Amino acid sequence: MRGLRKKSRFFSRHGMSFNAKRPSCFPRPQRLFFTALLPGLLLIGSNAFAESPPKKKLSAPHQKIRGAQQGLHFDYELFKAYGRALGRAAYLEGLKRDHSPPEQSPVFEHLEHFESVADHSIESAVASFHRGRFNRSSARLPDNIEKWRSEPDIDNPGADLANWPNSAFTLPQGRSYIEVSPFGYYGSSKASPQQFDMQYLLRYGILDDVELRVFGNGFTYTGGHINRWDYAPLGFDTKIQLRTEQPDSILPAIGFEAYVMTQWLGSTVTNGGTQPGFSFNFDQSLPYEIDFEYNIGAFRSLTSQGKNEWDYNFQWAFQKSFFVPSFSLFIHGYINGATIPKSPAKNSNSYTNSGVASVNDNIVGGGFIWSLSRRLSVWGQASTGTTSADSGLLTYSGFAVAF
């Protein structure tokens with residue numbers, strides 16, 4: 001009788017009922033359901049916690065990768081509910097076998113390991129989540145933004161020079177990118193001679209949603225009857241993130257970008273006057289993990305008659321990871337010029353490089369982006385024109401470094 005009283009007090013302290021005639025922790029309807037479920041849970045538990053030596057011990061990086069891959073594909077609340085059910089089953093089984101308290105039962109040592117695996121999987125999933133190109137909006141949520149700010153990430157928001165459009169997303173406050181394309185070639189056409197240049201784009205986040213940028217084509221060779229090397233003028237740019245992506249409403253992320261191409265450091269060949277431009281940038285995640293970027297904007301340029309005129313431009317790109325998450329392929333194109341000036345102009349008799357093209361421009365191509373680490377990515381692309389007035393080949397390659 002004294003033993004039964006001790007058991008009754010033990011169960012009361014843990015929020016369970018005890019009946020000497022019918023010992024149970026659950027009311028009768030739940031007990032009938034749990035009794036039917038118990039053999040299956042015990043079988044799963046015995047398989048899950050069987051101490052069989054692994055065939056090959058994985059290194060720490062491989063364990064993290066595997067944890068990240070597994071962590072992204074389960075509901076954590078369901079995971080915890082399953083753990084609680086398994087814990088109750090193991091507790092009852094331990095009492096039947098050795099009548100030992102839970103803190104001394106070998107089964108509960110496995111349960112502690114089970115919980116540590118769950119925590120590790122969640123941490124790995126969150127770490128992997130912050131690296132994804134398709135989670136740039138989620139990284140800016142209140143629960144994630146501190147981690148996004150604290151670590152440099154070349155994938156979030158990603159390099160803008162890699163393809164023709166620019167993303168809607170900005171760098172976090174205090175972070176910076178250096179983007180360089182040391183080799184760029186633009187074939188000759190009816191409107192302009194061939195050109196080699198060395199593009200660059202310097203970016204700095206002054207706020208989480210505001211980014212300052214300096215860009216230019218650097219040292220530039222212009223062929224044809226000009227046949228000389230010059231230095232292209234500086235351009236100043238700012239990008240503002242207006243809204244993150246709203247997947248439930250199928251609404252894209254939106255950003256606004258405005259720039260001015262100056263005459264500073266430029267020569268008579270590369271100068272096209274002080275010319276402004278702006279664009280609205282959009283990013284949208286499509287099915288099958290395809291990222292869609294597109295920009296719609298307007299610019300002012302110097303015509304062959306020496307007049308400043310405004311015109312529109314449009315850029316687009318579809319991008320998807322292949323083989324490994326860090327390697328992506330894309331197709332892209334533009335009409336009338338890139339978002340920020342980086343293609344040769346075809347709008348004056350002296351072949352200036354103001355960065356805009358004729359209204360007949362329609363460029364289509366493809367390329368790749370490869371993230372070698374959290375700080376470094378490389379890219380390359382090749383495009384061609386679809387009209388007789390376009391260049392036969394436009395290609396460049398480069399890299400970006402995150403700080």
# chains A, B, ... in the order shown; residues from 1 in each chain; ligands from 1

$ residues_around --residues "segment 311-325 of chain A" --least-positions-apart "2" --cutoff "7 Å" --atoms "only C-alpha atoms" --output "VMD selection string"
chain A and resid 164 to 165 289 to 300 309 327 to 339

$ residues_around --residues "Gly205 of chain A" --least-positions-apart "4" --cutoff "6 Å" --atoms "only C-alpha atoms" --output "ChimeraX atom specification"
/A:171-175,211

$ write_last_selection --atoms "C-alpha atoms" --output "compact mmCIF listing (two decimals), in the first residue's frame"
# COMPACT_ATOMS: atom_id res chain seq x y z
CA LEU A 171 22.42 45.68 -48.94
CA PRO A 172 21.97 45.71 -45.15
CA GLN A 173 23.14 48.75 -43.27
CA GLY A 174 26.93 48.95 -43.06
CA ARG A 175 27.59 46.19 -45.64
CA GLU A 211 21.94 51.83 -50.96

$ select_by_dssp --residues "segment 222-307 of chain A" --states "strand (DSSP E or B)" --output "mmCIF file with C-alpha atoms, in the first residue's frame"
data_model
loop_
_atom_site.group_PDB
_atom_site.id
_atom_site.type_symbol
_atom_site.label_atom_id
_atom_site.label_comp_id
_atom_site.auth_asym_id
_atom_site.auth_seq_id
_atom_site.Cartn_x
_atom_site.Cartn_y
_atom_site.Cartn_z
ATOM 1 C CA THR A 222 36.912 52.195 -78.825
ATOM 2 C CA ARG A 228 42.031 54.581 -78.834
ATOM 3 C CA TRP A 229 41.930 53.897 -75.084
ATOM 4 C CA ASP A 230 40.113 56.319 -72.777
ATOM 5 C CA TYR A 231 38.591 56.369 -69.298
ATOM 6 C CA GLY A 235 28.119 57.558 -62.572
ATOM 7 C CA PHE A 236 26.310 57.936 -59.237
ATOM 8 C CA ASP A 237 23.337 55.794 -58.332
ATOM 9 C CA THR A 238 20.984 55.131 -55.439
ATOM 10 C CA LYS A 239 18.623 52.219 -54.909
ATOM 11 C CA ILE A 240 15.701 52.129 -52.481
ATOM 12 C CA GLN A 241 13.834 48.979 -51.547
ATOM 13 C CA LEU A 242 10.154 49.854 -51.414
ATOM 14 C CA ARG A 243 8.608 46.484 -50.553
ATOM 15 C CA GLN A 246 4.531 38.885 -50.820
ATOM 16 C CA LEU A 251 3.207 40.222 -55.478
ATOM 17 C CA ALA A 253 9.468 42.773 -54.368
ATOM 18 C CA ILE A 254 9.756 46.360 -55.603
ATOM 19 C CA GLY A 255 12.705 48.737 -55.620
ATOM 20 C CA PHE A 256 13.384 52.147 -57.124
ATOM 21 C CA GLU A 257 16.717 53.153 -58.660
ATOM 22 C CA ALA A 258 17.865 56.563 -59.906
ATOM 23 C CA TYR A 259 21.233 57.498 -61.384
ATOM 24 C CA VAL A 260 23.086 60.310 -63.072
ATOM 25 C CA MET A 261 25.913 59.785 -65.553
ATOM 26 C CA GLN A 275 22.447 62.333 -68.245
ATOM 27 C CA PRO A 276 19.904 61.107 -65.637
ATOM 28 C CA GLY A 277 17.887 57.897 -65.589
ATOM 29 C CA PHE A 278 15.654 55.839 -63.300
ATOM 30 C CA SER A 279 13.985 52.438 -63.113
ATOM 31 C CA PHE A 280 11.528 50.415 -61.060
ATOM 32 C CA ASN A 281 13.041 47.025 -60.175
ATOM 33 C CA PHE A 282 10.975 43.895 -59.531
ATOM 34 C CA ASP A 283 11.867 40.456 -58.112
ATOM 35 C CA GLN A 284 9.488 37.529 -58.030
ATOM 36 C CA SER A 285 9.857 33.855 -57.073
ATOM 37 C CA LEU A 286 8.222 31.550 -59.607
ATOM 38 C CA ILE A 290 12.929 30.109 -60.617
ATOM 39 C CA ASP A 291 13.798 33.709 -59.786
ATOM 40 C CA PHE A 292 12.381 36.363 -62.142
ATOM 41 C CA GLU A 293 13.894 39.861 -62.249
ATOM 42 C CA TYR A 294 12.703 42.687 -64.462
ATOM 43 C CA ASN A 295 13.229 46.455 -64.617
ATOM 44 C CA ILE A 296 11.191 49.163 -66.295
ATOM 45 C CA GLY A 297 12.674 52.632 -66.566
ATOM 46 C CA ALA A 298 13.511 55.729 -68.578
ATOM 47 C CA PHE A 299 16.700 57.615 -69.419
ATOM 48 C CA ARG A 300 17.872 60.757 -71.126
ATOM 49 C CA SER A 301 20.533 60.624 -73.851
ATOM 50 C CA LEU A 302 22.304 62.787 -76.372
#

$ residues_around --residues "Asp197 of chain A" --least-positions-apart "3" --cutoff "12 Å" --atoms "only C-alpha atoms" --output "PDB file with N, CA and C atoms, in the first residue's frame"
ATOM      1  N   VAL A 180      33.210  43.820 -60.100  1.00  0.00           N
ATOM      2  CA  VAL A 180      34.133  44.202 -61.177  1.00  0.00           C
ATOM      3  C   VAL A 180      33.983  43.220 -62.332  1.00  0.00           C
ATOM      4  N   SER A 181      33.913  43.748 -63.540  1.00  0.00           N
ATOM      5  CA  SER A 181      34.001  42.948 -64.764  1.00  0.00           C
ATOM      6  C   SER A 181      35.232  43.413 -65.531  1.00  0.00           C
ATOM      7  N   PRO A 182      36.389  42.807 -65.272  1.00  0.00           N
ATOM      8  CA  PRO A 182      37.623  43.302 -65.893  1.00  0.00           C
ATOM      9  C   PRO A 182      37.687  43.086 -67.391  1.00  0.00           C
ATOM     10  N   PHE A 183      36.821  42.219 -67.901  1.00  0.00           N
ATOM     11  CA  PHE A 183      36.800  41.991 -69.343  1.00  0.00           C
ATOM     12  C   PHE A 183      35.379  42.142 -69.856  1.00  0.00           C
ATOM     13  N   GLY A 184      35.173  43.092 -70.752  1.00  0.00           N
ATOM     14  CA  GLY A 184      33.891  43.261 -71.417  1.00  0.00           C
ATOM     15  C   GLY A 184      34.107  43.567 -72.888  1.00  0.00           C
ATOM     16  N   TYR A 185      33.398  42.862 -73.748  1.00  0.00           N
ATOM     17  CA  TYR A 185      33.546  43.064 -75.194  1.00  0.00           C
ATOM     18  C   TYR A 185      32.175  43.280 -75.813  1.00  0.00           C
ATOM     19  N   TYR A 186      32.076  44.305 -76.669  1.00  0.00           N
ATOM     20  CA  TYR A 186      30.848  44.618 -77.380  1.00  0.00           C
ATOM     21  C   TYR A 186      31.190  44.753 -78.861  1.00  0.00           C
ATOM     22  N   GLY A 187      30.635  43.853 -79.647  1.00  0.00           N
ATOM     23  CA  GLY A 187      30.951  43.837 -81.065  1.00  0.00           C
ATOM     24  C   GLY A 187      30.426  45.054 -81.800  1.00  0.00           C
ATOM     25  N   GLN A 194      33.359  48.451 -82.322  1.00  0.00           N
ATOM     26  CA  GLN A 194      33.572  47.520 -81.218  1.00  0.00           C
ATOM     27  C   GLN A 194      34.164  48.247 -80.012  1.00  0.00           C
ATOM     28  N   TYR A 200      32.821  48.483 -63.363  1.00  0.00           N
ATOM     29  CA  TYR A 200      32.871  48.325 -61.907  1.00  0.00           C
ATOM     30  C   TYR A 200      31.610  48.927 -61.296  1.00  0.00           C
ATOM     31  N   GLY A 216      30.878  52.731 -63.327  1.00  0.00           N
ATOM     32  CA  GLY A 216      31.501  53.259 -64.538  1.00  0.00           C
ATOM     33  C   GLY A 216      32.034  52.117 -65.386  1.00  0.00           C
ATOM     34  N   ASN A 217      32.452  52.458 -66.601  1.00  0.00           N
ATOM     35  CA  ASN A 217      33.012  51.463 -67.513  1.00  0.00           C
ATOM     36  C   ASN A 217      34.535  51.406 -67.466  1.00  0.00           C
ATOM     37  N   GLY A 218      35.160  52.233 -66.632  1.00  0.00           N
ATOM     38  CA  GLY A 218      36.598  52.173 -66.450  1.00  0.00           C
ATOM     39  C   GLY A 218      37.376  52.447 -67.727  1.00  0.00           C
ATOM     40  N   PHE A 219      38.542  51.795 -67.853  1.00  0.00           N
ATOM     41  CA  PHE A 219      39.342  51.945 -69.064  1.00  0.00           C
ATOM     42  C   PHE A 219      38.590  51.338 -70.251  1.00  0.00           C
ATOM     43  N   THR A 220      38.459  52.108 -71.307  1.00  0.00           N
ATOM     44  CA  THR A 220      37.628  51.725 -72.446  1.00  0.00           C
ATOM     45  C   THR A 220      38.404  51.882 -73.741  1.00  0.00           C
ATOM     46  N   TYR A 221      38.361  50.827 -74.539  1.00  0.00           N
ATOM     47  CA  TYR A 221      38.939  50.906 -75.880  1.00  0.00           C
ATOM     48  C   TYR A 221      37.814  51.029 -76.892  1.00  0.00           C
ATOM     49  N   THR A 222      37.896  52.001 -77.766  1.00  0.00           N
ATOM     50  CA  THR A 222      36.912  52.195 -78.825  1.00  0.00           C
ATOM     51  C   THR A 222      37.592  51.977 -80.169  1.00  0.00           C
ATOM     52  N   GLY A 223      37.033  51.080 -80.973  1.00  0.00           N
ATOM     53  CA  GLY A 223      37.628  50.729 -82.259  1.00  0.00           C
ATOM     54  C   GLY A 223      37.184  51.657 -83.369  1.00  0.00           C
ATOM     55  N   ARG A 228      41.262  54.033 -79.948  1.00  0.00           N
ATOM     56  CA  ARG A 228      42.031  54.581 -78.834  1.00  0.00           C
ATOM     57  C   ARG A 228      41.465  54.109 -77.502  1.00  0.00           C
ATOM     58  N   TRP A 229      42.327  54.204 -76.456  1.00  0.00           N
ATOM     59  CA  TRP A 229      41.930  53.897 -75.084  1.00  0.00           C
ATOM     60  C   TRP A 229      41.591  55.203 -74.377  1.00  0.00           C
ATOM     61  N   ASP A 230      40.514  55.172 -73.588  1.00  0.00           N
ATOM     62  CA  ASP A 230      40.113  56.319 -72.777  1.00  0.00           C
ATOM     63  C   ASP A 230      39.611  55.805 -71.428  1.00  0.00           C
ATOM     64  N   TYR A 231      39.205  56.738 -70.576  1.00  0.00           N
ATOM     65  CA  TYR A 231      38.591  56.369 -69.298  1.00  0.00           C
ATOM     66  C   TYR A 231      37.161  56.896 -69.291  1.00  0.00           C
ATOM     67  N   ALA A 232      36.212  55.993 -69.003  1.00  0.00           N
ATOM     68  CA  ALA A 232      34.799  56.368 -69.018  1.00  0.00           C
ATOM     69  C   ALA A 232      34.455  57.190 -67.781  1.00  0.00           C
ATOM     70  N   THR A 270      34.304  59.311 -74.609  1.00  0.00           N
ATOM     71  CA  THR A 270      33.419  58.593 -73.687  1.00  0.00           C
ATOM     72  C   THR A 270      32.335  59.474 -73.090  1.00  0.00           C
ATOM     73  N   LYS A 342      26.064  50.391 -69.074  1.00  0.00           N
ATOM     74  CA  LYS A 342      27.230  49.515 -69.190  1.00  0.00           C
ATOM     75  C   LYS A 342      27.352  48.912 -70.583  1.00  0.00           C
ATOM     76  N   SER A 343      26.529  49.344 -71.511  1.00  0.00           N
ATOM     77  CA  SER A 343      26.655  48.896 -72.897  1.00  0.00           C
ATOM     78  C   SER A 343      26.988  50.094 -73.772  1.00  0.00           C
ATOM     79  N   PRO A 344      27.655  49.904 -74.883  1.00  0.00           N
ATOM     80  CA  PRO A 344      28.074  51.043 -75.710  1.00  0.00           C
ATOM     81  C   PRO A 344      26.887  51.772 -76.317  1.00  0.00           C
ATOM     82  N   ASN A 353      29.927  57.124 -75.231  1.00  0.00           N
ATOM     83  CA  ASN A 353      29.561  55.992 -74.383  1.00  0.00           C
ATOM     84  C   ASN A 353      28.714  56.475 -73.216  1.00  0.00           C
ATOM     85  N   LEU A 394      27.862  40.529 -77.324  1.00  0.00           N
ATOM     86  CA  LEU A 394      28.111  41.313 -76.118  1.00  0.00           C
ATOM     87  C   LEU A 394      28.429  40.320 -75.012  1.00  0.00           C
ATOM     88  N   THR A 395      29.638  40.356 -74.485  1.00  0.00           N
ATOM     89  CA  THR A 395      30.037  39.388 -73.477  1.00  0.00           C
ATOM     90  C   THR A 395      30.914  40.039 -72.421  1.00  0.00           C
ATOM     91  N   TYR A 396      30.808  39.569 -71.208  1.00  0.00           N
ATOM     92  CA  TYR A 396      31.698  40.017 -70.143  1.00  0.00           C
ATOM     93  C   TYR A 396      31.709  38.967 -69.039  1.00  0.00           C
ATOM     94  N   SER A 397      32.714  39.015 -68.202  1.00  0.00           N
ATOM     95  CA  SER A 397      32.850  38.135 -67.047  1.00  0.00           C
ATOM     96  C   SER A 397      33.400  38.950 -65.898  1.00  0.00           C
ATOM     97  N   GLY A 398      33.185  38.481 -64.669  1.00  0.00           N
ATOM     98  CA  GLY A 398      33.654  39.260 -63.535  1.00  0.00           C
ATOM     99  C   GLY A 398      33.453  38.548 -62.224  1.00  0.00           C
TER     100      GLY A 398
END

$ residues_around --residues "segment 158-161 of chain A" --least-positions-apart "2" --cutoff "8 Å" --atoms "only C-alpha atoms" --output "PDB file with N, CA and C atoms, in the first residue's frame"
ATOM      1  N   ARG A 133      19.135  32.400 -52.555  1.00  0.00           N
ATOM      2  CA  ARG A 133      18.788  33.559 -53.372  1.00  0.00           C
ATOM      3  C   ARG A 133      17.288  33.808 -53.364  1.00  0.00           C
ATOM      4  N   ASP A 153      27.086  38.394 -47.055  1.00  0.00           N
ATOM      5  CA  ASP A 153      26.489  37.321 -47.858  1.00  0.00           C
ATOM      6  C   ASP A 153      26.425  37.787 -49.310  1.00  0.00           C
ATOM      7  N   ILE A 154      27.205  37.152 -50.166  1.00  0.00           N
ATOM      8  CA  ILE A 154      27.259  37.532 -51.574  1.00  0.00           C
ATOM      9  C   ILE A 154      26.006  37.092 -52.321  1.00  0.00           C
ATOM     10  N   ASP A 155      25.191  36.200 -51.724  1.00  0.00           N
ATOM     11  CA  ASP A 155      23.944  35.758 -52.350  1.00  0.00           C
ATOM     12  C   ASP A 155      22.737  36.577 -51.934  1.00  0.00           C
ATOM     13  N   ASN A 156      22.883  37.405 -50.926  1.00  0.00           N
ATOM     14  CA  ASN A 156      21.732  38.138 -50.415  1.00  0.00           C
ATOM     15  C   ASN A 156      22.132  39.589 -50.187  1.00  0.00           C
ATOM     16  N   ASN A 163      24.043  40.188 -64.475  1.00  0.00           N
ATOM     17  CA  ASN A 163      23.148  40.138 -65.644  1.00  0.00           C
ATOM     18  C   ASN A 163      22.589  41.529 -65.913  1.00  0.00           C
ATOM     19  N   TRP A 164      21.750  41.661 -66.919  1.00  0.00           N
ATOM     20  CA  TRP A 164      21.312  42.983 -67.351  1.00  0.00           C
ATOM     21  C   TRP A 164      20.410  43.687 -66.341  1.00  0.00           C
ATOM     22  N   PRO A 165      19.384  43.049 -65.768  1.00  0.00           N
ATOM     23  CA  PRO A 165      18.553  43.781 -64.797  1.00  0.00           C
ATOM     24  C   PRO A 165      19.232  43.852 -63.429  1.00  0.00           C
ATOM     25  N   ASN A 166      18.770  44.774 -62.600  1.00  0.00           N
ATOM     26  CA  ASN A 166      19.199  44.878 -61.207  1.00  0.00           C
ATOM     27  C   ASN A 166      18.089  44.400 -60.298  1.00  0.00           C
ATOM     28  N   SER A 167      18.456  43.865 -59.135  1.00  0.00           N
ATOM     29  CA  SER A 167      17.451  43.352 -58.212  1.00  0.00           C
ATOM     30  C   SER A 167      16.745  44.499 -57.498  1.00  0.00           C
ATOM     31  N   TYR A 177      29.511  45.861 -51.249  1.00  0.00           N
ATOM     32  CA  TYR A 177      29.932  44.966 -52.329  1.00  0.00           C
ATOM     33  C   TYR A 177      30.908  45.723 -53.230  1.00  0.00           C
ATOM     34  N   GLU A 179      31.965  45.050 -57.107  1.00  0.00           N
ATOM     35  CA  GLU A 179      31.675  44.235 -58.279  1.00  0.00           C
ATOM     36  C   GLU A 179      32.519  44.737 -59.451  1.00  0.00           C
ATOM     37  N   VAL A 180      33.210  43.820 -60.100  1.00  0.00           N
ATOM     38  CA  VAL A 180      34.133  44.202 -61.177  1.00  0.00           C
ATOM     39  C   VAL A 180      33.983  43.220 -62.332  1.00  0.00           C
ATOM     40  N   SER A 181      33.913  43.748 -63.540  1.00  0.00           N
ATOM     41  CA  SER A 181      34.001  42.948 -64.764  1.00  0.00           C
ATOM     42  C   SER A 181      35.232  43.413 -65.531  1.00  0.00           C
ATOM     43  N   LEU A 201      31.256  48.412 -60.129  1.00  0.00           N
ATOM     44  CA  LEU A 201      30.107  48.907 -59.375  1.00  0.00           C
ATOM     45  C   LEU A 201      30.436  48.771 -57.897  1.00  0.00           C
ATOM     46  N   ALA A 400      32.428  39.402 -57.704  1.00  0.00           N
ATOM     47  CA  ALA A 400      31.926  40.319 -56.672  1.00  0.00           C
ATOM     48  C   ALA A 400      32.429  39.840 -55.317  1.00  0.00           C
TER      49      ALA A 400
END

$ atom_distance --atom1 "atom CA of Ile340 of chain A" --atom2 "atom CA of Leu212 of chain A"
13.4 Å

$ atom_distance --atom1 "atom CA of Asp208 of chain A" --atom2 "atom CA of Arg149 of chain A"
8.4 Å

$ closest_residue --among "A:Glu151, A:Ser383, A:Ser249, A:Leu265" --to "Asn362 of chain A" --atoms "only C-alpha atoms"
A:Ser383

$ residues_around --residues "Leu202 of chain A" --least-positions-apart "6" --cutoff "6 Å" --atoms "only C-alpha atoms" --output "list of chain:residue names"
A:Ile178, A:Arg213, A:Val214

$ atom_distance --atom1 "atom CA of Ser176 of chain A" --atom2 "atom CA of Pro152 of chain A"
8.4 Å

$ select_by_dssp --residues "segment 212-333 of chain A" --states "helix (DSSP H, G or I)" --output "PDB file with N, CA and C atoms, in the first residue's frame"
ATOM      1  N   PRO A 247       4.629  36.443 -51.202  1.00  0.00           N
ATOM      2  CA  PRO A 247       4.302  35.221 -51.957  1.00  0.00           C
ATOM      3  C   PRO A 247       2.837  34.833 -51.881  1.00  0.00           C
ATOM      4  N   ASP A 248       2.207  35.064 -50.706  1.00  0.00           N
ATOM      5  CA  ASP A 248       0.801  34.675 -50.574  1.00  0.00           C
ATOM      6  C   ASP A 248      -0.094  35.465 -51.523  1.00  0.00           C
ATOM      7  N   SER A 249       0.279  36.697 -51.802  1.00  0.00           N
ATOM      8  CA  SER A 249      -0.506  37.540 -52.714  1.00  0.00           C
ATOM      9  C   SER A 249       0.052  37.536 -54.128  1.00  0.00           C
ATOM     10  N   PRO A 287       7.329  29.250 -59.631  1.00  0.00           N
ATOM     11  CA  PRO A 287       7.404  27.810 -59.341  1.00  0.00           C
ATOM     12  C   PRO A 287       8.702  27.194 -59.839  1.00  0.00           C
ATOM     13  N   TYR A 288       9.051  26.048 -59.260  1.00  0.00           N
ATOM     14  CA  TYR A 288      10.275  25.309 -59.589  1.00  0.00           C
ATOM     15  C   TYR A 288      11.533  26.111 -59.228  1.00  0.00           C
ATOM     16  N   GLU A 289      11.410  26.981 -58.207  1.00  0.00           N
ATOM     17  CA  GLU A 289      12.543  27.740 -57.675  1.00  0.00           C
ATOM     18  C   GLU A 289      13.226  28.591 -58.751  1.00  0.00           C
TER      19      GLU A 289
END
